[in-house]
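Here is the structure we will look at, set down as structure tokens.
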Amino acid sequence: MKTVTTTPELLHSTTESSSHLFDDWLDPIETGIRDRVRELIEEMIRGELDAVLSRPRYGRRAGLAEDSEGTAVVTGHRHGSRVRTLTGTFGKTEIAVPRARLNTSDGKTTEWKSRALRKYQRRTLAADALIAGAYLAGTNTRRVRRALRSVFGGEVGKDTVSRVWRKVKGDWDAWNSRSLADEPVVRLILDGTVVRVRLDRKATSISLLVVIGVRQDGQKVLLAIWRTVLDDLVKRGLRRPELLIVDGGAGLESAIAAVWDSVLVQRCTVHKHRNLLAHAPERLHEEITDDYNKMIYAETPKEIETRRKAFIRKWRLKHEAVANSLEEAGDRLFTFTRLPPSQWRSARTTNAIERLHEEFKRRIKTQTVLPSADTAAMLFWALLASGQINMRKVDGWQTLATKPIDQQFDIAS
């Protein structure tokens, strides 16, 4: 009787299962470059030290106190080297960093410090930028290691990602305190988004207020992200805008009145549509939407006034709560009619921010709860600052220089 063994096949199967896709994608060019990286970095640092001491290793310098240009010559001596580990876009490598003692004017010596390789530096700035970019693209701190495995060889863990992300805070703080006096902003768009963060060791939902400015050339620019930002914008020199577009929150409108009294305000027509539907049973939603859209998207201010009056009369009889909700918005729902028709589309809603909210929510989907409220705001800013999200000019920007007309919208029913 013949016995058949499958042990070698099983071992082969186990070996195959432990490998990963792309592990055998070897590139001789990449391999050759990475093998020579160590030599290149070491030569760069040695050249830096040679320039400081004005002589190469084992070389002698002329016994002059000053060089040919009349500047004082630094004196000192080399004393061996130390091994440093550096991770860059070329992977991880160990390099021998030369050491030296430099003579000071008081007769003492001090340790030489390389400007190319900073003290305690373990990664290049390009590597940090790559890690931060992968994190912003939508991977959480644990998944970055797998995403960048082929570049860093698995040397980047979640702790490294967290440390790199903390470096972004310096840029975030500078952005938060920058002067806005030179920003030619003519319009503000304000809207909030809800995110879950960890406060006092508990997952809590908070609202972030996002402020986008529209410059005179129509380009949108992020101005601020936080819960109470209007006073801060004024302190940083932001000029009084000609129009504010808001979501309709009572607290926000009160804050606007305290900072910029009598400024034109446009209530978001999309948010008001949602309010109307919330006041009616689902069986009426389609009819309400049809009447509302015919009113909001009418072609002339006169036609909008006519359709608004018809909407109020009809729904006061059919479902009074819907009519009351529309009346609550007043003429602020129709401020856009005081602008040139080419601007109506961009001035009616806070959709410019809503699209940012959608991208932000997609980005944080991999992280159920963010570490803190400040982290949430900083992440929102970083998505735009890094170019992960781009903002285009508003529709009708060519006519932004045209001042709103003084004619009031007739809201008499």
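Please note that chains go A, B, ... in the order of the structure tokens, that every chain numbers its residues from 1, and that ligands are numbered from 1 in the order shown.
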
Quick one: residues within 8 Å of range 378-388 of chain A, only C-alpha atoms counted, chain neighbours fewer than 4 positions away excluded, as a PDB file with N, CA and C atoms, in the first residue's frame?
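Writing the result to part08.pdb gives the following:
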```
ATOM      1  N   GLY A 133       0.508  63.216   5.398  1.00  0.00           N
ATOM      2  CA  GLY A 133      -0.357  63.192   4.230  1.00  0.00           C
ATOM      3  C   GLY A 133      -1.198  61.936   4.152  1.00  0.00           C
ATOM      4  N   LEU A 136      -3.969  62.280   6.708  1.00  0.00           N
ATOM      5  CA  LEU A 136      -5.020  63.195   6.277  1.00  0.00           C
ATOM      6  C   LEU A 136      -5.872  62.599   5.163  1.00  0.00           C
ATOM      7  N   ALA A 137      -5.284  61.687   4.385  1.00  0.00           N
ATOM      8  CA  ALA A 137      -6.008  61.103   3.260  1.00  0.00           C
ATOM      9  C   ALA A 137      -7.131  60.179   3.702  1.00  0.00           C
ATOM     10  N   LYS A 169       0.753  71.077  14.840  1.00  0.00           N
ATOM     11  CA  LYS A 169       0.105  72.045  15.722  1.00  0.00           C
ATOM     12  C   LYS A 169       0.763  73.417  15.655  1.00  0.00           C
ATOM     13  N   TRP A 172      -0.739  75.121  12.843  1.00  0.00           N
ATOM     14  CA  TRP A 172      -2.140  75.390  13.181  1.00  0.00           C
ATOM     15  C   TRP A 172      -2.250  76.618  14.082  1.00  0.00           C
ATOM     16  N   LEU A 222     -10.673  79.634   3.801  1.00  0.00           N
ATOM     17  CA  LEU A 222     -11.054  79.268   5.175  1.00  0.00           C
ATOM     18  C   LEU A 222     -10.494  80.311   6.138  1.00  0.00           C
ATOM     19  N   ILE A 225     -12.182  78.135  12.452  1.00  0.00           N
ATOM     20  CA  ILE A 225     -12.929  76.932  12.844  1.00  0.00           C
ATOM     21  C   ILE A 225     -12.974  76.898  14.363  1.00  0.00           C
ATOM     22  N   PHE A 360     -14.964  66.119   5.303  1.00  0.00           N
ATOM     23  CA  PHE A 360     -14.430  65.962   6.654  1.00  0.00           C
ATOM     24  C   PHE A 360     -15.003  64.713   7.316  1.00  0.00           C
ATOM     25  N   ASP A 374      -9.909  70.368  20.024  1.00  0.00           N
ATOM     26  CA  ASP A 374      -8.866  71.080  19.292  1.00  0.00           C
ATOM     27  C   ASP A 374      -8.336  70.232  18.139  1.00  0.00           C
TER      28      ASP A 374
END
```

### Query
Counting only C-alpha atoms, what is within 12 Å of Ala321 in chain A, bar same-chain residues fewer than 2 positions away, as a list of chain:residue names?
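The filter keeps A:Asn275, A:Leu276, A:Leu277, A:Ala278, A:His279, A:Ala280, A:Pro281, A:Ile288, A:Ile312, A:Lys314, A:Trp315, A:Arg316, A:Leu317, A:Lys318, A:His319, A:Ala323, A:Asn324, A:Ser325, A:Leu326, A:Glu327, A:Glu328.
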
Output C-alpha atoms for every residue in the selection just made, as a PDB file, in the first residue's frame.
```pdb
ATOM      1  CA  ASN A 275     -37.037  72.938   8.804  1.00  0.00           C
ATOM      2  CA  LEU A 276     -40.254  72.981   6.794  1.00  0.00           C
ATOM      3  CA  LEU A 277     -40.171  69.214   6.275  1.00  0.00           C
ATOM      4  CA  ALA A 278     -39.543  68.700   9.991  1.00  0.00           C
ATOM      5  CA  HIS A 279     -42.822  70.496  10.750  1.00  0.00           C
ATOM      6  CA  ALA A 280     -44.949  68.284   8.494  1.00  0.00           C
ATOM      7  CA  PRO A 281     -45.837  64.594   8.168  1.00  0.00           C
ATOM      8  CA  ILE A 288     -43.965  71.086   0.262  1.00  0.00           C
ATOM      9  CA  ILE A 312     -48.105  81.136   3.058  1.00  0.00           C
ATOM     10  CA  LYS A 314     -51.936  77.625   1.054  1.00  0.00           C
ATOM     11  CA  TRP A 315     -50.005  76.077   3.922  1.00  0.00           C
ATOM     12  CA  ARG A 316     -51.611  78.190   6.638  1.00  0.00           C
ATOM     13  CA  LEU A 317     -54.829  76.387   5.761  1.00  0.00           C
ATOM     14  CA  LYS A 318     -53.322  72.974   4.995  1.00  0.00           C
ATOM     15  CA  HIS A 319     -50.668  72.713   7.727  1.00  0.00           C
ATOM     16  CA  ALA A 323     -46.428  78.428   7.090  1.00  0.00           C
ATOM     17  CA  ASN A 324     -45.235  79.626  10.498  1.00  0.00           C
ATOM     18  CA  SER A 325     -41.795  78.148   9.914  1.00  0.00           C
ATOM     19  CA  LEU A 326     -41.416  79.994   6.620  1.00  0.00           C
ATOM     20  CA  GLU A 327     -42.610  83.272   8.152  1.00  0.00           C
ATOM     21  CA  GLU A 328     -40.076  82.870  10.963  1.00  0.00           C
TER      22      GLU A 328
END
```

### Task
Among the residues of range 167-339 of chain A, find those DSSP assigns to strand (DSSP E) from the backbone and print them as an MDAnalysis selection string.
chainID A and resid 185:199 202:215 220:226 243:246 264:267

For those residues, write N, CA and C atoms to a file as a compact mmCIF listing (two decimals), in the first residue's frame.
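Final file, part.txt:
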```txt
# COMPACT_ATOMS: atom_id res chain seq x y z
N VAL A 185 -12.03 90.33 2.01
CA VAL A 185 -13.24 89.51 2.11
C VAL A 185 -14.49 90.38 1.99
N VAL A 186 -15.41 89.99 1.13
CA VAL A 186 -16.66 90.73 0.95
C VAL A 186 -17.88 89.93 1.40
N ARG A 187 -17.68 88.64 1.64
CA ARG A 187 -18.80 87.79 2.02
C ARG A 187 -18.31 86.71 2.98
N LEU A 188 -19.12 86.39 3.97
CA LEU A 188 -18.82 85.30 4.90
C LEU A 188 -19.89 84.23 4.81
N ILE A 189 -19.46 82.97 4.88
CA ILE A 189 -20.38 81.84 4.92
C ILE A 189 -20.11 81.10 6.23
N LEU A 190 -21.13 80.95 7.07
CA LEU A 190 -20.97 80.32 8.38
C LEU A 190 -21.90 79.13 8.49
N ASP A 191 -21.36 78.03 8.97
CA ASP A 191 -22.17 76.83 9.16
C ASP A 191 -21.46 75.94 10.17
N GLY A 192 -22.21 75.12 10.83
CA GLY A 192 -21.65 74.24 11.85
C GLY A 192 -21.71 72.78 11.44
N THR A 193 -20.84 71.98 12.05
CA THR A 193 -20.86 70.54 11.86
C THR A 193 -20.64 69.87 13.22
N VAL A 194 -21.24 68.72 13.40
CA VAL A 194 -21.15 68.01 14.68
C VAL A 194 -20.15 66.87 14.57
N VAL A 195 -19.22 66.81 15.51
CA VAL A 195 -18.23 65.73 15.55
C VAL A 195 -18.19 65.16 16.96
N ARG A 196 -17.75 63.91 17.05
CA ARG A 196 -17.63 63.26 18.36
C ARG A 196 -16.17 63.31 18.79
N VAL A 197 -15.95 63.84 20.00
CA VAL A 197 -14.60 63.94 20.55
C VAL A 197 -14.60 63.40 21.97
N ARG A 198 -13.40 63.22 22.50
CA ARG A 198 -13.29 62.70 23.85
C ARG A 198 -13.05 63.85 24.83
N LEU A 199 -14.01 64.09 25.72
CA LEU A 199 -13.90 65.10 26.74
C LEU A 199 -14.12 64.46 28.10
N LYS A 202 -14.92 60.83 28.15
CA LYS A 202 -16.22 60.41 27.63
C LYS A 202 -16.39 60.92 26.20
N ALA A 203 -17.01 60.09 25.36
CA ALA A 203 -17.30 60.50 23.98
C ALA A 203 -18.44 61.51 24.00
N THR A 204 -18.19 62.69 23.48
CA THR A 204 -19.17 63.78 23.51
C THR A 204 -19.30 64.40 22.13
N SER A 205 -20.50 64.74 21.73
CA SER A 205 -20.73 65.41 20.45
C SER A 205 -20.62 66.91 20.65
N ILE A 206 -19.82 67.57 19.83
CA ILE A 206 -19.68 69.03 19.89
C ILE A 206 -19.94 69.61 18.50
N SER A 207 -20.26 70.88 18.47
CA SER A 207 -20.50 71.55 17.20
C SER A 207 -19.34 72.48 16.88
N LEU A 208 -18.78 72.32 15.68
CA LEU A 208 -17.71 73.20 15.22
C LEU A 208 -18.29 74.21 14.24
N LEU A 209 -18.04 75.48 14.48
CA LEU A 209 -18.48 76.52 13.56
C LEU A 209 -17.37 76.79 12.55
N VAL A 210 -17.69 76.67 11.28
CA VAL A 210 -16.72 76.87 10.20
C VAL A 210 -17.07 78.17 9.48
N VAL A 211 -16.05 79.01 9.29
CA VAL A 211 -16.25 80.30 8.62
C VAL A 211 -15.40 80.34 7.36
N ILE A 212 -16.07 80.54 6.24
CA ILE A 212 -15.40 80.69 4.94
C ILE A 212 -15.62 82.10 4.45
N GLY A 213 -14.55 82.73 3.97
CA GLY A 213 -14.65 84.06 3.40
C GLY A 213 -14.61 84.00 1.89
N VAL A 214 -15.28 84.92 1.24
CA VAL A 214 -15.23 85.04 -0.21
C VAL A 214 -14.51 86.34 -0.53
N ARG A 215 -13.37 86.26 -1.21
CA ARG A 215 -12.60 87.45 -1.55
C ARG A 215 -13.26 88.20 -2.71
N LYS A 220 -12.79 81.42 -2.56
CA LYS A 220 -13.16 81.09 -1.18
C LYS A 220 -11.91 80.78 -0.37
N VAL A 221 -11.91 81.17 0.89
CA VAL A 221 -10.77 80.94 1.77
C VAL A 221 -11.28 80.63 3.17
N LEU A 222 -10.67 79.63 3.80
CA LEU A 222 -11.05 79.27 5.17
C LEU A 222 -10.49 80.31 6.14
N LEU A 223 -11.35 80.84 7.00
CA LEU A 223 -10.93 81.88 7.93
C LEU A 223 -10.80 81.39 9.36
N ALA A 224 -11.73 80.56 9.80
CA ALA A 224 -11.70 80.13 11.20
C ALA A 224 -12.54 78.88 11.39
N ILE A 225 -12.18 78.14 12.45
CA ILE A 225 -12.93 76.93 12.84
C ILE A 225 -12.97 76.90 14.36
N TRP A 226 -14.13 77.11 14.92
CA TRP A 226 -14.30 76.92 16.37
C TRP A 226 -15.73 77.22 16.73
N LEU A 243 -21.96 90.76 3.16
CA LEU A 243 -23.04 89.76 3.26
C LEU A 243 -22.57 88.58 4.09
N LEU A 244 -23.44 88.07 4.96
CA LEU A 244 -23.17 86.86 5.71
C LEU A 244 -24.22 85.83 5.34
N ILE A 245 -23.78 84.61 5.11
CA ILE A 245 -24.68 83.51 4.81
C ILE A 245 -24.61 82.52 5.99
N VAL A 246 -25.74 82.28 6.63
CA VAL A 246 -25.75 81.47 7.86
C VAL A 246 -26.79 80.37 7.76
N LEU A 264 -25.97 92.78 6.07
CA LEU A 264 -26.91 91.92 5.35
C LEU A 264 -26.67 90.45 5.70
N VAL A 265 -27.75 89.73 5.98
CA VAL A 265 -27.66 88.31 6.34
C VAL A 265 -28.59 87.50 5.44
N GLN A 266 -28.08 86.43 4.89
CA GLN A 266 -28.86 85.50 4.08
C GLN A 266 -29.02 84.19 4.85
N ARG A 267 -30.26 83.80 5.10
CA ARG A 267 -30.53 82.50 5.71
C ARG A 267 -30.41 81.42 4.65
```

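Each of A:Ala258, A:Val151, A:Ala127, A:Ala134 was compared to Glu30 in chain A using only C-alpha atoms, and A:Val151 turns out to be the nearest.
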
### Query
So how many Å separate CA of Glu359 in chain A and CA of Val229 in chain A, to one decimal?
22.0 Å

### Task
Identify, with DSSP run on backbone atoms, the residues in range 202-293 of chain A assigned to helix (DSSP H, G or I), and express the list as a PyMOL selection string.
chain A and resi 230-235+250-259+269-278+282-293

### Query
Taking only C-alpha atoms into account, which of A:Thr87, A:Ala401, A:Arg115, A:Glu42 comes nearest Pro184 in chain A?
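Looking only at the distances to Pro184 in chain A, the closest residue turns out to be A:Ala401.
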